[in-house]
Every structure is written in C-alpha cells, then in structure tokens.
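Below is the file data32.cif, which contains mmCIF, C-alpha atoms.
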data_model
#
loop_
_atom_site.label_atom_id
_atom_site.label_comp_id
_atom_site.auth_asym_id
_atom_site.auth_seq_id
_atom_site.Cartn_x
_atom_site.Cartn_y
_atom_site.Cartn_z
CA MET A 29 -22.47 -2.43 -8.23
CA VAL A 30 -22.66 0.59 -6.00
CA ALA A 31 -20.79 3.29 -7.88
CA SER A 32 -19.31 4.88 -4.78
CA ASN A 33 -17.69 1.55 -3.84
CA LEU A 34 -16.25 0.73 -7.27
CA VAL A 35 -12.44 0.88 -7.17
CA LEU A 36 -10.31 1.52 -10.24
CA LEU A 37 -6.79 0.13 -10.08
CA GLY A 38 -4.66 2.04 -12.56
CA ASN A 39 -1.95 -0.58 -12.27
CA ALA A 40 -2.02 -4.25 -11.29
CA GLY A 41 1.67 -4.75 -10.65
CA ASP A 42 2.96 -6.41 -7.49
CA VAL A 43 1.14 -4.08 -5.07
CA GLY A 44 -1.97 -3.67 -7.22
CA HIS A 45 -2.38 -7.41 -7.70
CA MET A 46 -2.37 -7.98 -3.95
CA VAL A 47 -4.74 -5.06 -3.43
CA LEU A 48 -7.13 -6.65 -5.93
CA GLU A 49 -7.04 -9.96 -4.08
CA GLN A 50 -7.73 -8.31 -0.73
CA LEU A 51 -10.56 -6.12 -2.00
CA ARG A 52 -12.29 -8.97 -3.82
CA ALA A 53 -11.98 -11.15 -0.71
CA GLN A 54 -14.24 -8.59 0.95
CA ASP A 55 -16.56 -8.32 -2.08
CA VAL A 56 -15.41 -4.81 -3.00
CA PRO A 57 -16.02 -4.32 -6.76
CA VAL A 58 -12.80 -3.66 -8.65
CA ARG A 59 -12.02 -2.50 -12.18
CA VAL A 60 -8.45 -2.85 -13.43
CA MET A 61 -6.86 -0.90 -16.27
CA VAL A 62 -4.45 -2.90 -18.43
CA ARG A 63 -2.42 -1.97 -21.49
CA ARG A 64 -3.32 -5.19 -23.37
CA ASP A 65 -6.11 -7.74 -23.15
CA ASP A 66 -3.86 -10.78 -22.84
CA ASP A 67 -3.37 -13.80 -20.58
CA ARG A 68 -2.50 -11.54 -17.68
CA ALA A 69 -5.77 -9.69 -18.13
CA ALA A 70 -7.60 -13.01 -18.18
CA ALA A 71 -5.97 -13.93 -14.87
CA LEU A 72 -7.21 -10.67 -13.36
CA ARG A 73 -10.73 -11.50 -14.50
CA GLY A 74 -10.27 -14.86 -12.83
CA LEU A 75 -9.73 -13.01 -9.55
CA GLY A 76 -13.07 -11.26 -9.99
CA ALA A 77 -11.96 -7.97 -11.54
CA GLU A 78 -13.62 -6.11 -14.36
CA VAL A 79 -10.84 -5.43 -16.88
CA VAL A 80 -10.63 -2.44 -19.21
CA VAL A 81 -7.92 -1.67 -21.75
CA GLY A 82 -6.39 1.77 -21.34
CA ASP A 83 -3.32 3.90 -20.80
CA LEU A 84 -2.84 6.39 -17.96
CA THR A 85 -1.19 8.82 -20.39
CA ARG A 86 -4.25 8.87 -22.71
CA PRO A 87 -7.09 11.03 -21.36
CA GLU A 88 -9.87 9.37 -23.35
CA THR A 89 -9.08 5.93 -21.93
CA VAL A 90 -8.76 7.27 -18.38
CA ALA A 91 -12.14 8.98 -18.72
CA ALA A 92 -13.76 5.75 -19.91
CA ALA A 93 -12.17 3.73 -17.10
CA LEU A 94 -13.40 6.22 -14.48
CA GLN A 95 -17.06 5.86 -15.43
CA GLY A 96 -18.98 5.00 -12.25
CA VAL A 97 -15.81 4.80 -10.15
CA GLY A 98 -15.73 6.17 -6.61
CA ARG A 99 -12.14 5.38 -5.63
CA MET A 100 -8.94 5.07 -7.60
CA TYR A 101 -5.46 3.68 -7.01
CA PHE A 102 -2.89 5.52 -9.12
CA ALA A 103 0.43 3.77 -9.68
CA MET A 104 2.90 3.13 -12.47
CA PRO A 105 6.06 1.09 -12.94
CA VAL A 106 9.28 3.11 -13.00
CA SER A 107 8.72 5.25 -16.08
CA PRO A 108 9.68 8.64 -17.53
CA ASP A 109 5.92 9.07 -18.19
CA HIS A 110 5.04 9.09 -14.48
CA LEU A 111 4.39 12.83 -14.24
CA LEU A 112 2.39 12.86 -17.49
CA ALA A 113 0.21 10.01 -16.24
CA ALA A 114 -0.39 11.71 -12.89
CA THR A 115 -1.33 14.97 -14.63
CA VAL A 116 -3.69 13.22 -17.05
CA THR A 117 -5.31 11.28 -14.20
CA ALA A 118 -5.80 14.39 -12.08
CA THR A 119 -7.23 16.53 -14.86
CA VAL A 120 -9.58 13.84 -16.15
CA ALA A 121 -10.74 12.94 -12.64
CA ARG A 122 -11.53 16.59 -11.94
CA GLU A 123 -13.52 16.98 -15.14
CA HIS A 124 -15.20 13.60 -15.51
CA GLY A 125 -14.84 11.68 -12.28
CA GLN A 126 -16.73 11.59 -9.01
CA LEU A 127 -13.97 10.32 -6.79
CA ASP A 128 -14.15 10.28 -3.03
CA ALA A 129 -10.53 9.04 -2.88
CA LEU A 130 -7.47 9.01 -5.11
CA VAL A 131 -4.72 6.89 -3.55
CA GLY A 132 -1.37 7.71 -5.14
CA MET A 133 1.68 5.45 -4.99
CA SER A 134 4.76 7.59 -4.40
CA GLN A 135 8.17 7.02 -2.78
CA MET A 136 9.43 7.82 0.68
CA THR A 137 12.45 9.72 -0.62
CA VAL A 138 9.96 12.46 -1.58
CA SER A 139 9.72 13.32 2.13
CA GLN A 140 13.40 14.37 2.04
CA MET A 141 13.16 16.43 -1.15
CA THR A 142 12.61 20.10 -1.90
CA ALA A 143 11.59 22.01 -5.00
CA THR A 144 15.23 22.48 -5.94
CA SER A 145 17.04 19.40 -4.59
CA THR A 146 19.13 17.62 -7.23
CA GLY A 147 20.65 14.57 -5.53
CA GLU A 148 17.75 12.23 -6.22
CA SER A 149 16.93 10.14 -9.29
CA HIS A 150 14.85 11.37 -12.20
CA GLN A 151 12.11 8.96 -11.09
CA GLN A 152 12.10 10.33 -7.55
CA ARG A 153 11.82 13.87 -8.93
CA LEU A 154 8.83 12.78 -11.02
CA HIS A 155 7.18 11.38 -7.89
CA TRP A 156 7.79 14.68 -6.07
CA LEU A 157 6.25 16.66 -8.93
CA ALA A 158 3.33 14.23 -9.28
CA GLU A 159 2.47 14.71 -5.61
CA GLN A 160 2.37 18.47 -6.19
CA VAL A 161 0.01 18.03 -9.15
CA LEU A 162 -2.32 15.73 -7.21
CA ASN A 163 -2.37 18.15 -4.29
CA TRP A 164 -3.07 21.14 -6.55
CA SER A 165 -5.93 19.24 -8.23
CA GLY A 166 -8.10 19.59 -5.13
CA LEU A 167 -9.04 15.90 -5.36
CA PRO A 168 -9.38 13.83 -2.17
CA VAL A 169 -5.84 12.48 -2.21
CA VAL A 170 -3.97 10.00 -0.01
CA HIS A 171 -0.23 9.63 -0.66
CA ILE A 172 1.46 6.27 -0.05
CA ARG A 173 5.24 6.58 0.31
CA PRO A 174 6.99 3.24 0.76
CA THR A 175 10.72 2.97 1.27
CA SER A 176 12.62 0.37 -0.80
CA PHE A 177 10.78 -2.93 -1.19
CA LEU A 178 11.99 -6.18 0.36
CA ASP A 179 10.70 -7.80 -2.84
CA ASN A 180 13.11 -5.69 -4.90
CA PRO A 181 15.67 -7.80 -6.84
CA LEU A 182 18.40 -6.20 -4.69
CA PHE A 183 17.09 -8.16 -1.68
CA THR A 184 15.73 -11.18 -3.58
CA VAL A 185 17.29 -12.30 -6.89
CA LEU A 186 20.72 -10.73 -6.35
CA ALA A 187 20.85 -11.71 -2.68
CA ALA A 188 19.82 -15.29 -3.45
CA ARG A 189 22.51 -15.57 -6.13
CA SER A 190 25.36 -14.37 -3.91
CA ILE A 191 24.15 -16.35 -0.88
CA ARG A 192 24.24 -19.56 -2.93
CA GLU A 193 27.63 -18.71 -4.43
CA ASN A 194 29.54 -17.59 -1.34
CA GLY A 195 27.21 -16.96 1.62
CA THR A 196 27.15 -13.20 1.23
CA ILE A 197 24.82 -10.34 0.40
CA ALA A 198 26.89 -8.18 -1.93
CA LEU A 199 25.53 -4.64 -2.30
CA PRO A 200 27.03 -1.14 -2.47
CA PHE A 201 25.27 0.23 0.62
CA GLY A 202 28.36 0.82 2.75
CA THR A 203 27.45 1.48 6.39
CA GLY A 204 24.08 2.99 5.48
CA ARG A 205 21.05 1.80 7.39
CA THR A 206 17.79 0.71 5.78
CA SER A 207 14.30 -0.55 6.64
CA PRO A 208 12.86 -2.24 3.53
CA VAL A 209 9.13 -2.95 3.49
CA ALA A 210 7.34 -5.94 2.01
CA VAL A 211 5.02 -5.44 -0.96
CA ALA A 212 2.36 -7.37 0.97
CA ASP A 213 2.45 -4.81 3.80
CA VAL A 214 2.16 -1.90 1.38
CA ALA A 215 -0.79 -3.63 -0.30
CA ARG A 216 -2.50 -4.07 3.08
CA VAL A 217 -2.26 -0.32 3.66
CA VAL A 218 -3.57 0.55 0.20
CA ALA A 219 -6.47 -1.92 0.46
CA THR A 220 -7.39 -0.64 3.91
CA VAL A 221 -7.52 2.94 2.65
CA LEU A 222 -9.55 2.03 -0.45
CA ARG A 223 -12.11 0.07 1.59
CA ASP A 224 -12.88 3.05 3.82
CA PRO A 225 -11.08 6.17 2.57
CA ALA A 226 -12.82 8.90 4.55
CA PRO A 227 -10.54 8.79 7.64
CA HIS A 228 -7.43 8.89 5.46
CA ILE A 229 -8.08 11.75 3.04
CA GLY A 230 -5.25 14.27 3.07
CA HIS A 231 -2.85 11.94 4.86
CA VAL A 232 0.62 10.87 3.81
CA TYR A 233 1.64 7.37 4.89
CA GLU A 234 5.35 6.59 4.97
CA LEU A 235 5.81 2.85 4.98
CA THR A 236 8.88 1.01 6.24
CA GLY A 237 9.83 -2.22 7.89
CA PRO A 238 9.70 -2.41 11.70
CA ARG A 239 13.18 -0.96 12.30
CA SER A 240 16.16 0.59 10.56
CA VAL A 241 19.24 -1.63 10.51
CA GLY A 242 22.71 -1.72 9.00
CA MET A 243 23.50 -4.25 6.31
CA ASP A 244 25.43 -6.43 8.75
CA GLU A 245 22.20 -6.73 10.76
CA VAL A 246 20.26 -7.45 7.56
CA ALA A 247 22.69 -10.31 6.87
CA GLU A 248 22.17 -11.60 10.42
CA GLU A 249 18.40 -11.69 9.86
CA PHE A 250 18.94 -13.60 6.62
CA ALA A 251 21.21 -16.05 8.46
CA ARG A 252 18.63 -16.70 11.18
CA ALA A 253 15.87 -17.16 8.60
CA LEU A 254 17.89 -19.49 6.38
CA GLY A 255 19.73 -21.40 9.09
CA CYS A 256 23.14 -20.85 7.50
CA PRO A 257 25.92 -18.26 7.71
CA VAL A 258 25.29 -15.08 5.73
CA SER A 259 27.48 -11.99 5.82
CA TYR A 260 27.39 -8.61 4.14
CA THR A 261 30.01 -7.63 1.57
CA ASP A 262 30.22 -3.96 0.65
CA VAL A 263 30.89 -3.52 -3.05
CA PRO A 264 32.22 -0.20 -4.43
CA LEU A 265 29.29 1.59 -6.11
CA ASP A 266 31.06 2.16 -9.44
CA ARG A 267 32.10 -1.48 -9.68
CA TRP A 268 28.62 -2.71 -8.78
CA HIS A 269 27.09 -0.41 -11.37
CA THR A 270 29.44 -1.61 -14.09
CA GLU A 271 29.63 -5.32 -13.25
CA VAL A 272 26.09 -5.98 -12.06
CA LEU A 273 23.52 -3.31 -12.84
CA ALA A 274 24.72 -2.27 -16.29
CA LYS A 275 24.58 -5.89 -17.44
CA ALA A 276 20.89 -6.24 -16.54
CA GLY A 277 19.76 -4.57 -19.78
CA LEU A 278 17.45 -2.10 -18.06
CA PRO A 279 16.15 1.08 -19.73
CA PRO A 280 18.44 4.07 -18.96
CA HIS A 281 15.74 5.77 -16.85
CA THR A 282 15.34 2.66 -14.67
CA GLU A 283 19.07 2.05 -14.41
CA GLN A 284 19.68 5.64 -13.30
CA HIS A 285 16.96 5.28 -10.65
CA ILE A 286 18.40 2.07 -9.19
CA VAL A 287 22.00 3.27 -9.07
CA THR A 288 20.77 6.46 -7.37
CA MET A 289 18.87 4.41 -4.81
CA ALA A 290 22.10 2.51 -4.10
CA ARG A 291 24.03 5.76 -3.70
CA LEU A 292 21.39 7.21 -1.38
CA HIS A 293 21.55 4.05 0.71
CA ARG A 294 25.31 4.52 0.93
CA GLU A 295 24.75 8.14 2.00
CA ASN A 296 22.40 6.89 4.76
CA ARG A 297 19.34 8.51 3.21
CA TYR A 298 17.35 5.30 3.82
CA ASP A 299 17.86 5.36 7.59
CA ARG A 300 14.19 5.80 8.42
CA ALA A 301 11.47 3.88 10.23
CA THR A 302 7.80 4.52 10.92
CA ASP A 303 4.89 2.58 12.37
CA ASP A 304 2.45 3.70 9.66
CA VAL A 305 1.80 0.12 8.45
CA GLU A 306 0.58 -0.84 11.91
CA HIS A 307 -1.18 2.51 12.41
CA VAL A 308 -3.31 2.01 9.30
CA THR A 309 -3.86 -1.76 9.31
CA GLY A 310 -3.57 -2.73 12.96
CA GLU A 311 -0.75 -5.18 12.19
CA PRO A 312 2.97 -4.36 12.17
CA ALA A 313 5.15 -4.58 9.11
CA ARG A 314 7.03 -7.85 8.74
CA SER A 315 10.74 -8.04 9.47
CA VAL A 316 13.49 -9.03 7.08
CA GLU A 317 13.78 -12.34 8.95
CA ALA A 318 10.05 -13.09 8.59
CA PHE A 319 10.09 -12.19 4.90
CA VAL A 320 13.08 -14.40 4.15
CA SER A 321 11.80 -17.29 6.30
CA ALA A 322 8.66 -17.48 4.15
CA ARG A 323 10.86 -17.79 1.02
CA LYS A 324 13.57 -20.12 2.29
CA ASP A 325 13.45 -22.44 -0.75
CA PHE A 326 13.80 -19.47 -3.11
CA TYR A 327 16.96 -18.22 -1.40
CA LEU A 328 18.63 -21.61 -0.92
CA GLY A 329 17.56 -23.12 -4.24
#

As structure tokens, please, write out the structure in this file.
Amino acid sequence: MVASNLVLLGNAGDVGHMVLEQLRAQDVPVRVMVRRDDDRAAALRGLGAEVVVGDLTRPETVAAALQGVGRMYFAMPVSPDHLLAATVTATVAREHGQLDALVGMSQMTVSQMTATSTGESHQQRLHWLAEQVLNWSGLPVVHIRPTSFLDNPLFTVLAARSIRENGTIALPFGTGRTSPVAVADVARVVATVLRDPAPHIGHVYELTGPRSVGMDEVAEEFARALGCPVSYTDVPLDRWHTEVLAKAGLPPHTEQHIVTMARLHRENRYDRATDDVEHVTGEPARSVEAFVSARKDFYLG
C-alpha cells in the first residue's frame, strides 16, 4: 500500500459504508475503525477493508489507526461525545499523523449558526464547535455539510407507515420548505474528495437535494413515484413529539436533536438548496421522486 493513498474511515455508518464500497471499487486502500470486532467488522473485511478496533474518543487507538494513513474521514453517529472525538482526532493527527486531507462530516445548519446562537440542537452546536477545532488545528480540512437525509426515518420508516395506513406523510414541518439529500449522494461527494483531495482542501461543501420544496410538493413527488395518492398532513409539533418521537426510546440527546430539527423545519430553516453535489461529482443530486421510485416496494409493503 502507498501510505499517502491509505484512507482511514473513522465511521462506517450509512455514508461511510458507501464510501468504502466506492473507494474499493477503484482500488483505493481503506482502513476502517470499529468499536467491536464482530460480524459487522467481518462484513467490512469482506468488502476489502482493513479493520482496526478503536474509539475516536481514545487518543491511543486513534494514533494506532492513523499509522501510515494519508487521508481520513471523520464522522460519528449523533452523540454527546462528538466534540471530544473531533478534538482527540485533531490533536492526535497533528502530533502523530501525516494527513494530506481530513474530511469532516458536519451538518448544514452550522452555516446558519454563530458563536452565541441558541436555537439549534445540542448536536448541531457540537458540530459547530467541532468545525472550529478542526479549523484551528491547521490540518488540511474539508467540511461536508449535508442537510437532512432522505434516508432519515422521518422520510422512510415513518412516511412508509403513514402512507400504508392512510395515504399521508404526517410530519410537524408546517409550511416550511426542505431539500433532503440522499446518503448515496453525500457518499459520492466524500469518496470523490478522498480519492483526490488536493483541489478540495479548505472548502466547505453544503449538500442538498436538487431543489427546495414545501411538504405538499414532497407528497406530490411521493405520489408520482408510488403511483398512488399521497398527501401531506401537518401534525402539531408537541403532539408529534409526545405521540411519535418520545415513544421511539431514543437517548435524550438524540431525541432533543430530532425534535429540534423538526422545529427548525417548521421555522423554515431548511429552505436551502445548492448544486455542490453536482459541482464536486459531476452528477446532480437525486430528487425525492427518484429516491422513492427506487424503493417502491419498501414504501408500499
């Protein structure tokens, strides 16, 4: 392996897994950090990855994982440890690493935040602070800021349930507009940057779907994709929180993040659209209709 080409994926969640597949398809060597050496780790090896056990909040394991690595993808699930992990990664990479790119997964809401804004979720604040730390580190950073994911349960599991029950998408977004982006499109951007990072260093990529639409238009795209009537039902935020989200059994940090995302949608904070997916990869982001069409059996059961 050529050390400068070796990519470390600090997380192999939905985006990271697709990044791994794309990089290995082009024979880019990839090392993946996992918390446990289990069946999931074995599956990653089956895709051609080198797997190491580690924890982004533990400096000694990050240092070991960075040995010989030239490029790193930093990402975590929603977690109160996000800022700690970013700080550990940055400090260890400065001291022990030889990175020519550190690609950090952030959130697009960061672009609307300030040092003192308070309307966002705890998780969004951690992303804002983590970006500051990575910038201060002096490392060759690229920030990836996706908007809400089309693959999010809000647009998949919950939407499928209500569509089957009564032909509606029931969410508390009011008249707010949104432009959700597919995980696959975000992964294409990340993989493109990791394959050839030099042109991207110092850039911030804000990733959305192709256009910003109201929820009635989202329902129309679902209807066209599924070939059946689908309408949008606005649910009061408090009722949705109590009757739907609170019953999901999520950790308090995650629950607070999701209900805040819903409120920000309602406040029209997700009315945003960019062409950064196409700018970086040469192909436009997929629409809601295209995303749903590819999963018709999932939505209709």

Requested in this report: Find, counting only C-alpha atoms, the residue in A:Val246, A:Leu328, A:Val214, A:Leu265 that gets nearest to Val305 (chain A).
Outcome: A:Val214

Report task. Pick out the residues sitting within 9 Å of region 69-80 of chain A, and hand them over as a PyMOL selection string; count all atoms listed in the file, and ignore anything fewer than 4 positions along from it in its own chain. Result -> chain A and resi 40+45+48-49+52+57-65+89+92-93

Query - For region 178-181 of chain A: contacts at 12 Å, only C-alpha atoms, fewer than 3 positions along chain excluded, given as a PyMOL selection string - result: chain A and resi 42-43+174-175+184-189+197+199+206-214+235-237+246+250+272-273+276+286+289+313-320+323+327

Could I get the residues of region 198-278 of chain A with an atom no further than 12 Å from an atom of region 155-169 of chain A, each paired with its nearest atom pair and that distance in Å to one decimal, using all atoms listed in the file, sorted by chain and residue number, as CSV?
residue,atom,partner,partner_atom,distance
A:Val221,CA,A:Val169,CA,10.8
A:Leu222,CA,A:Val169,CA,11.2
A:Pro225,CA,A:Pro168,CA,9.2
A:Ala226,CA,A:Pro168,CA,9.0
A:Pro227,CA,A:Pro168,CA,11.1
A:His228,CA,A:Val169,CA,8.6
A:Ile229,CA,A:Val169,CA,5.8
A:Gly230,CA,A:Val169,CA,5.6
A:His231,CA,A:Val169,CA,7.7
A:Val232,CA,A:Val169,CA,9.0
A:Tyr233,CA,A:Val169,CA,11.5

Query raised in the report: What does the distance from CA of Met141 (chain A) to CA of Tyr260 (chain A) come to in Å, to one decimal?
Result: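 For CA of Met141 (chain A) relative to CA of Tyr260 (chain A), the distance reads 29.3 Å.
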
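We find CA of Ser134 (chain A) and CA of Arg205 (chain A) to be spaced 20.9 Å apart.
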
Requested in this report: List, as JSON, numbers by chain, every residue that the PyMOL selection byres ((chain A and resi 132) around 10) selects in the file provided.
Outcome: {"A": [38, 100, 101, 102, 103, 104, 114, 129, 130, 131, 133, 134, 135, 155, 158, 159, 162, 169, 170, 171, 172, 173, 218, 232]}

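Among the candidate residues A:Leu51, A:Val35, A:Arg216, A:Lys275, the one lying nearest to Leu127 (chain A) is A:Val35, with distances computed using only C-alpha atoms.
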
Query raised in the report: Using all atoms listed in the file, which residue out of A:His281, A:Pro264, A:Phe183, A:Leu254 lies closest to His110 (chain A)?
Result: A:His281

**Report entry** Two-atom distance - CA of Gly98 (chain A), CA of Gly125 (chain A) (Å)
**Finding:** 8.0 Å

Contacts of Val116 (chain A) within 7 Å, only C-alpha atoms, excl. fewer than 4 positions in-chain, as a JSON list (two decimals) with C-alpha atoms, in the frame of the given file:
[["chain", "number", "residue", "atom", "x", "y", "z"],
["A", 84, "LEU", "CA", -2.84, 6.39, -17.96],
["A", 85, "THR", "CA", -1.19, 8.82, -20.39],
["A", 87, "PRO", "CA", -7.09, 11.03, -21.36],
["A", 112, "LEU", "CA", 2.39, 12.86, -17.49],
["A", 120, "VAL", "CA", -9.58, 13.84, -16.15]]

Query raised in the report: Which residue gives the smallest distance to Ala253 (chain A) among A:Asp224, A:Asp55, A:Asp325, A:Asp83, with only C-alpha atoms counted?
Result: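 Closest to Ala253 (chain A) of all the choices is A:Asp325.
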
Query raised in the report: Pick from A:Cys256, A:Val106, A:Val241, A:Val90: nearest to Ala301 (chain A), with all atoms listed in the file counted?
Result: A:Val241

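Proximity ranking of A:Ala121, A:Ala219, A:Leu154, A:Leu111 relative to Gln95 (chain A) places A:Ala121 first, based on only C-alpha atoms.
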
Which centre and edge lengths in Å to one decimal define the box along x, y and z that fits every listed atom of region 76-93 of chain A plus 3 Å per side, as AutoDock Vina command-line options?
--center_x -7.5 --center_y -0.1 --center_z -16.7 --size_x 18.6 --size_y 28.3 --size_z 19.4

Report task. Translate the PyMOL selection byres ((chain A and resi 147) around 12), as applied to the file shown, into an explicit residue set as a PyMOL selection string. Result -> chain A and resi 137-138+140-146+148-153+284-285+287-289+291-292+295+297

Requested in this report: Tell me which residues the PyMOL selection byres ((chain A and resi 203) around 7) grabs here, as a list of chain:residue names.
Outcome: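 That selection, the PyMOL selection byres ((chain A and resi 203) around 7), comes back as A:Phe201, A:Gly202, A:Gly204, A:Arg205, A:Gly242, A:Met243, A:Arg294.
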